[in-house]
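Okay, so here's the structure we're looking at.
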Amino acid sequence: MNNKSKAAVANGAAGPESLSMRPLSAVILSATERGRHSLAAAFEGAEAEVIRKAPFPGLDDLPGLLEGGCDVLIVDIDGQPEPGLELVEAAYAIDPAMTVMVYGTQTDSKVLVRCMRAGAREFLNEPLSPSSVAEALVRAAAHREEVKGLRKTRGKILVFVGAKGGSGVTTVAANFAVALAGESGQSVALVDLNLRLGDAALTLGLASELSTLDALQNERRLDSELVSKLCVRHASGLKVLAAPSRLTSFQPTAAGILKLTQILRGDFAWVVVDAGCQYGDYTQSLFDAAEKVYLVTQVSIADLRNSHLLIQGHFQKDDCRKLEVVLNRFGQRVGEIDVGSIEKALTVTPGWKVPSDFQAVRQAQNTATALVSRDGPVVRVLTAMAKAACGKPASETRKRRFSLFAGKG
């Protein structure tokens, strides 16, 4: 047994067999080239493979930097603790299963506490000996094994966004979430990210004094227990994190949004996000984390123009597989905009057509009941969408969903 295996047994973190698995992949972030070089040298020959060394990135660039299955992130906070700790928090939000290690020459207890609160699992300081690095990696390997099963069962994020105000994204998202809870038979959460005028909870006849705002304003202490206390339960079993009941100018951060959604992914099989028509610094990161993004639009020049801009701005050709365009309030007669023009404007084939049924939708809104609690053409499409999302056999609506488009019947 080598020294690293002995350390594993002595610490009770992992057996020798764990150390014989593939090396841990590591990313090093340091504001200085000297720091990056020193940390890379310290990890040479250890049970880790340094796959990337980089200066501090912007928070929106961090998800891309961690692509490829990063097991360990080492953040050098020496000289720049504040931006370093922001990266630690953001990294934890992106993937709580990843082991974040912080390196610094300061050993002040306040600094250590701040690192741990930000999500760091290890604190490395001078002298950075091979044994301390090896022991930290042994614990990281053990952590990787512990969460391996969890990774396979983490919930999926489904994001609904609108092309413009009045597109009906909340009606579609909220009722889709209720349908998904019934069709999947699994746990579903609905999150309203429209902090100014969101009404997803109201659409379902729910009221709550606690909201998404409470979660995002308490980002540092945000955890599963807090989130569970903020949610309100719908009769369908759906849990809803409502928008605030008062106006606010609070601007959420990408790290906060990602941390919230990752916590929900650990507690629910499905996380439906009503992003409304609000776009911010977090938008691309949210789209990247999503299993599916449903772009809700109507057939009008303004809606189609906005949809085109959003698709071009946020989805590369390879990413369009996760995008589903939902034509809301769609009728057999589309006026002066023909079907060919719709497809040309969107640059992708619309996936769903929710028919126009003003009376049924208005009745549901005025009675504060879920639209999907009754039958109707709108309900059948939303139910088909929910079935498709959770992998149930396609309904007749789903099979015929391209029938109104030229060459798709």
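Identifiers in this document derive from the order of the structure tokens: chains are assigned A, B, ..., residues are numbered from 1 separately in each chain, and ligands are numbered from 1 in order of occurrence.
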
Filtered DSSP result for range 99-206 of chain A, state alpha helix (DSSP H), as a PyMOL selection string: chain A and resi 109-118+130-153+169-184+200-203

Rows by chain and residue number, range 72-180 of chain A within 12 Å of range 273-297 of chain A, shortest pair, only C-alpha atoms, as a tab-separated table:
residue	atom	partner	partner_atom	distance
A:Ala90	CA	A:Ser285	CA	10.9
A:Ala91	CA	A:Ser285	CA	12.0
A:Ala93	CA	A:Ala289	CA	10.9
A:Ile94	CA	A:Ala289	CA	8.3
A:Asp95	CA	A:Ala289	CA	10.2
A:Arg154	CA	A:Glu291	CA	11.5
A:Gly155	CA	A:Glu291	CA	9.5
A:Lys156	CA	A:Glu291	CA	5.9
A:Ile157	CA	A:Ala290	CA	4.7
A:Leu158	CA	A:Lys292	CA	5.0
A:Val159	CA	A:Val273	CA	4.7
A:Phe160	CA	A:Tyr294	CA	4.7
A:Val161	CA	A:Gly276	CA	5.0
A:Gly162	CA	A:Val296	CA	4.8
A:Ala163	CA	A:Thr297	CA	5.3
A:Lys164	CA	A:Cys277	CA	5.8
A:Gly165	CA	A:Cys277	CA	6.1
A:Gly166	CA	A:Cys277	CA	8.9
A:Ser167	CA	A:Thr297	CA	5.5
A:Gly168	CA	A:Val296	CA	7.2
A:Val169	CA	A:Val296	CA	5.7
A:Thr170	CA	A:Asp274	CA	6.3
A:Thr171	CA	A:Asp274	CA	9.5
A:Val172	CA	A:Val296	CA	8.1
A:Ala173	CA	A:Asp274	CA	6.0
A:Ala174	CA	A:Asp274	CA	7.6
A:Asn175	CA	A:Asp274	CA	11.0
A:Phe176	CA	A:Asp274	CA	10.5
A:Ala177	CA	A:Val273	CA	9.2

Same residues, N, CA, C and O atoms, output as an mmCIF file, in the first residue's frame:
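Ended up saving to selection-v4.cif:
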data_model
loop_
_atom_site.group_PDB
_atom_site.id
_atom_site.type_symbol
_atom_site.label_atom_id
_atom_site.label_comp_id
_atom_site.auth_asym_id
_atom_site.auth_seq_id
_atom_site.Cartn_x
_atom_site.Cartn_y
_atom_site.Cartn_z
ATOM 1 N N ALA A 90 -20.020 30.757 -6.985
ATOM 2 C CA ALA A 90 -20.595 30.468 -8.302
ATOM 3 C C ALA A 90 -20.335 29.027 -8.704
ATOM 4 O O ALA A 90 -21.209 28.359 -9.270
ATOM 5 N N ALA A 91 -19.129 28.523 -8.416
ATOM 6 C CA ALA A 91 -18.778 27.149 -8.771
ATOM 7 C C ALA A 91 -19.646 26.162 -8.008
ATOM 8 O O ALA A 91 -20.123 25.158 -8.559
ATOM 9 N N ALA A 93 -22.611 26.701 -6.946
ATOM 10 C CA ALA A 93 -23.952 26.771 -7.515
ATOM 11 C C ALA A 93 -24.052 25.977 -8.812
ATOM 12 O O ALA A 93 -25.069 25.350 -9.089
ATOM 13 N N ILE A 94 -22.997 25.991 -9.601
ATOM 14 C CA ILE A 94 -22.994 25.263 -10.867
ATOM 15 C C ILE A 94 -23.021 23.764 -10.647
ATOM 16 O O ILE A 94 -23.754 23.024 -11.308
ATOM 17 N N ASP A 95 -22.213 23.288 -9.688
ATOM 18 C CA ASP A 95 -22.150 21.849 -9.421
ATOM 19 C C ASP A 95 -21.744 21.603 -7.966
ATOM 20 O O ASP A 95 -20.559 21.557 -7.649
ATOM 21 N N ARG A 154 -30.185 13.455 -10.501
ATOM 22 C CA ARG A 154 -30.472 14.868 -10.307
ATOM 23 C C ARG A 154 -31.594 15.313 -11.223
ATOM 24 O O ARG A 154 -31.721 14.874 -12.358
ATOM 25 N N GLY A 155 -32.436 16.207 -10.685
ATOM 26 C CA GLY A 155 -33.580 16.659 -11.440
ATOM 27 C C GLY A 155 -33.203 17.432 -12.687
ATOM 28 O O GLY A 155 -32.080 17.912 -12.837
ATOM 29 N N LYS A 156 -34.165 17.569 -13.577
ATOM 30 C CA LYS A 156 -33.947 18.258 -14.844
ATOM 31 C C LYS A 156 -34.639 19.620 -14.826
ATOM 32 O O LYS A 156 -35.747 19.762 -14.307
ATOM 33 N N ILE A 157 -33.969 20.610 -15.402
ATOM 34 C CA ILE A 157 -34.480 21.972 -15.446
ATOM 35 C C ILE A 157 -35.151 22.226 -16.790
ATOM 36 O O ILE A 157 -34.575 21.979 -17.843
ATOM 37 N N LEU A 158 -36.386 22.709 -16.753
ATOM 38 C CA LEU A 158 -37.140 23.065 -17.951
ATOM 39 C C LEU A 158 -37.480 24.546 -17.852
ATOM 40 O O LEU A 158 -38.212 24.957 -16.947
ATOM 41 N N VAL A 159 -36.933 25.350 -18.750
ATOM 42 C CA VAL A 159 -37.079 26.807 -18.676
ATOM 43 C C VAL A 159 -38.088 27.295 -19.713
ATOM 44 O O VAL A 159 -38.013 26.933 -20.891
ATOM 45 N N PHE A 160 -39.026 28.143 -19.258
ATOM 46 C CA PHE A 160 -39.998 28.778 -20.147
ATOM 47 C C PHE A 160 -39.698 30.272 -20.208
ATOM 48 O O PHE A 160 -39.606 30.937 -19.172
ATOM 49 N N VAL A 161 -39.545 30.804 -21.417
ATOM 50 C CA VAL A 161 -39.293 32.234 -21.602
ATOM 51 C C VAL A 161 -40.242 32.758 -22.675
ATOM 52 O O VAL A 161 -40.675 32.017 -23.552
ATOM 53 N N GLY A 162 -40.536 34.042 -22.596
ATOM 54 C CA GLY A 162 -41.423 34.654 -23.569
ATOM 55 C C GLY A 162 -40.671 35.540 -24.533
ATOM 56 O O GLY A 162 -39.671 36.162 -24.177
ATOM 57 N N ALA A 163 -41.165 35.619 -25.748
ATOM 58 C CA ALA A 163 -40.535 36.474 -26.757
ATOM 59 C C ALA A 163 -40.779 37.942 -26.441
ATOM 60 O O ALA A 163 -39.938 38.792 -26.715
ATOM 61 N N LYS A 164 -41.934 38.255 -25.867
ATOM 62 C CA LYS A 164 -42.257 39.622 -25.478
ATOM 63 C C LYS A 164 -43.396 39.582 -24.460
ATOM 64 O O LYS A 164 -44.043 38.551 -24.276
ATOM 65 N N GLY A 165 -43.620 40.704 -23.817
ATOM 66 C CA GLY A 165 -44.699 40.780 -22.845
ATOM 67 C C GLY A 165 -46.039 40.423 -23.458
ATOM 68 O O GLY A 165 -46.330 40.794 -24.598
ATOM 69 N N GLY A 166 -46.857 39.686 -22.707
ATOM 70 C CA GLY A 166 -48.165 39.290 -23.199
ATOM 71 C C GLY A 166 -48.168 38.035 -24.037
ATOM 72 O O GLY A 166 -49.200 37.662 -24.608
ATOM 73 N N SER A 167 -47.036 37.344 -24.116
ATOM 74 C CA SER A 167 -46.973 36.130 -24.932
ATOM 75 C C SER A 167 -47.688 34.953 -24.276
ATOM 76 O O SER A 167 -47.964 33.951 -24.923
ATOM 77 N N GLY A 168 -47.975 35.072 -22.968
ATOM 78 C CA GLY A 168 -48.663 33.992 -22.267
ATOM 79 C C GLY A 168 -47.739 32.956 -21.673
ATOM 80 O O GLY A 168 -48.167 31.836 -21.377
ATOM 81 N N VAL A 169 -46.475 33.320 -21.462
ATOM 82 C CA VAL A 169 -45.510 32.338 -20.984
ATOM 83 C C VAL A 169 -45.886 31.797 -19.604
ATOM 84 O O VAL A 169 -45.718 30.594 -19.336
ATOM 85 N N THR A 170 -46.414 32.623 -18.711
ATOM 86 C CA THR A 170 -46.758 32.157 -17.367
ATOM 87 C C THR A 170 -47.923 31.172 -17.395
ATOM 88 O O THR A 170 -47.908 30.153 -16.706
ATOM 89 N N THR A 171 -48.930 31.463 -18.189
ATOM 90 C CA THR A 171 -50.066 30.535 -18.312
ATOM 91 C C THR A 171 -49.597 29.186 -18.821
ATOM 92 O O THR A 171 -49.993 28.136 -18.304
ATOM 93 N N VAL A 172 -48.728 29.211 -19.823
ATOM 94 C CA VAL A 172 -48.215 27.960 -20.386
ATOM 95 C C VAL A 172 -47.329 27.231 -19.371
ATOM 96 O O VAL A 172 -47.498 26.035 -19.129
ATOM 97 N N ALA A 173 -46.406 27.948 -18.747
ATOM 98 C CA ALA A 173 -45.458 27.326 -17.822
ATOM 99 C C ALA A 173 -46.155 26.756 -16.596
ATOM 100 O O ALA A 173 -45.884 25.617 -16.178
ATOM 101 N N ALA A 174 -47.053 27.529 -15.989
ATOM 102 C CA ALA A 174 -47.714 27.088 -14.761
ATOM 103 C C ALA A 174 -48.588 25.865 -15.008
ATOM 104 O O ALA A 174 -48.566 24.894 -14.233
ATOM 105 N N ASN A 175 -49.360 25.882 -16.072
ATOM 106 C CA ASN A 175 -50.239 24.747 -16.354
ATOM 107 C C ASN A 175 -49.462 23.539 -16.862
ATOM 108 O O ASN A 175 -49.844 22.397 -16.598
ATOM 109 N N PHE A 176 -48.370 23.782 -17.565
ATOM 110 C CA PHE A 176 -47.480 22.684 -17.959
ATOM 111 C C PHE A 176 -46.935 21.997 -16.706
ATOM 112 O O PHE A 176 -46.866 20.766 -16.648
ATOM 113 N N ALA A 177 -46.537 22.785 -15.706
ATOM 114 C CA ALA A 177 -45.972 22.217 -14.473
ATOM 115 C C ALA A 177 -46.979 21.339 -13.754
ATOM 116 O O ALA A 177 -46.644 20.260 -13.248
#

Residue with the minimum atom-to-atom distance to Ala345 in chain A, picked from A:Val188, A:Ile28, A:Ile311, A:Val72 with only C-alpha atoms counted, is A:Ile311

- request: List every residue of range 7-169 of chain A that DSSP, applied to the backbone, labels as strand (DSSP E), and write the result as a VMD selection string.
  value: chain A and resid 24 to 29 48 to 54 72 to 76 99 to 103 122 to 124 156 to 162

Would you mind listing, for every residue of range 338-386 of chain A within 6 Å of range 323-326 of chain A, the two atoms forming the shortest contact and the distance between them in Å to one decimal, using only C-alpha atoms, sorted by chain and ascending residue number, as a Markdown table?
| residue | atom | partner | partner_atom | distance |
| --- | --- | --- | --- | --- |
| A:Pro350 | CA | A:Val325 | CA | 4.8 |
| A:Gly351 | CA | A:Val325 | CA | 5.3 |
| A:Trp352 | CA | A:Val326 | CA | 4.7 |
| A:Lys353 | CA | A:Val326 | CA | 5.8 |

Restricted to C-alpha atoms, what would the selected residues look like written as an mmCIF file, in the first residue's frame?
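Listed below is the output, part-v8.cif:
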data_model
loop_
_atom_site.group_PDB
_atom_site.id
_atom_site.type_symbol
_atom_site.label_atom_id
_atom_site.label_comp_id
_atom_site.auth_asym_id
_atom_site.auth_seq_id
_atom_site.Cartn_x
_atom_site.Cartn_y
_atom_site.Cartn_z
ATOM 1 C CA PRO A 350 -41.905 25.252 -34.114
ATOM 2 C CA GLY A 351 -42.411 22.277 -31.833
ATOM 3 C CA TRP A 352 -45.824 23.035 -30.313
ATOM 4 C CA LYS A 353 -48.947 24.990 -31.171
#

Margin query: Could you list, as a VMD selection string, every residue within 12 Å of Val299 in chain A, counting only C-alpha atoms and ignoring same-chain residues fewer than 2 positions away?
Written below: chain A and resid 163 to 164 167 296 to 297 301 to 307 325 to 339 341 to 343 345 to 346 350 353 to 356

| Between CA of Leu202 in chain A and CA of Leu238 in chain A - distance in Å to one decimal |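 Here the two named atoms are 13.8 Å from each other.
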
Per residue of range 166-281 of chain A within 12 Å of range 114-126 of chain A, record the nearest atom pair and its distance in Å to one decimal, counting only C-alpha atoms, with rows in chain order and ascending residue number, as a Markdown table.
| residue | atom | partner | partner_atom | distance |
| --- | --- | --- | --- | --- |
| A:Glu219 | CA | A:Ala118 | CA | 9.7 |
| A:Arg220 | CA | A:Ala118 | CA | 6.8 |
| A:Arg221 | CA | A:Arg117 | CA | 7.8 |
| A:Leu222 | CA | A:Arg117 | CA | 10.2 |
| A:Asp223 | CA | A:Gly119 | CA | 11.1 |
| A:Ala255 | CA | A:Ala118 | CA | 11.1 |
| A:Gly256 | CA | A:Ala118 | CA | 11.7 |
| A:Lys259 | CA | A:Gly119 | CA | 10.7 |

Could you turn the residues from that selection into a file that holds C-alpha atoms, as a JSON list (two decimals), in the first residue's frame?
[["chain", "number", "residue", "atom", "x", "y", "z"],
["A", 219, "GLU", "CA", -27.87, 33.59, -1.33],
["A", 220, "ARG", "CA", -25.11, 32.89, 1.20],
["A", 221, "ARG", "CA", -27.31, 30.79, 3.48],
["A", 222, "LEU", "CA", -29.41, 29.32, 0.71],
["A", 223, "ASP", "CA", -29.82, 25.57, 1.14],
["A", 255, "ALA", "CA", -24.47, 32.66, -9.17],
["A", 256, "GLY", "CA", -27.62, 33.10, -7.10],
["A", 259, "LYS", "CA", -27.37, 27.98, -6.81]]

- request: Fewer than 3 positions away in the same chain doesn't count, so skip those; otherwise give me all residues within 12 Å of Ser224 in chain A, counting only C-alpha atoms, as a ChimeraX atom specification.
  value: /A:96,215,219,221,227-231,259-268

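Distances here use only C-alpha atoms; by that measure, the residue among A:Glu209, A:Glu89, A:Asp60, A:Asp214 closest to Val75 in chain A is A:Glu89.
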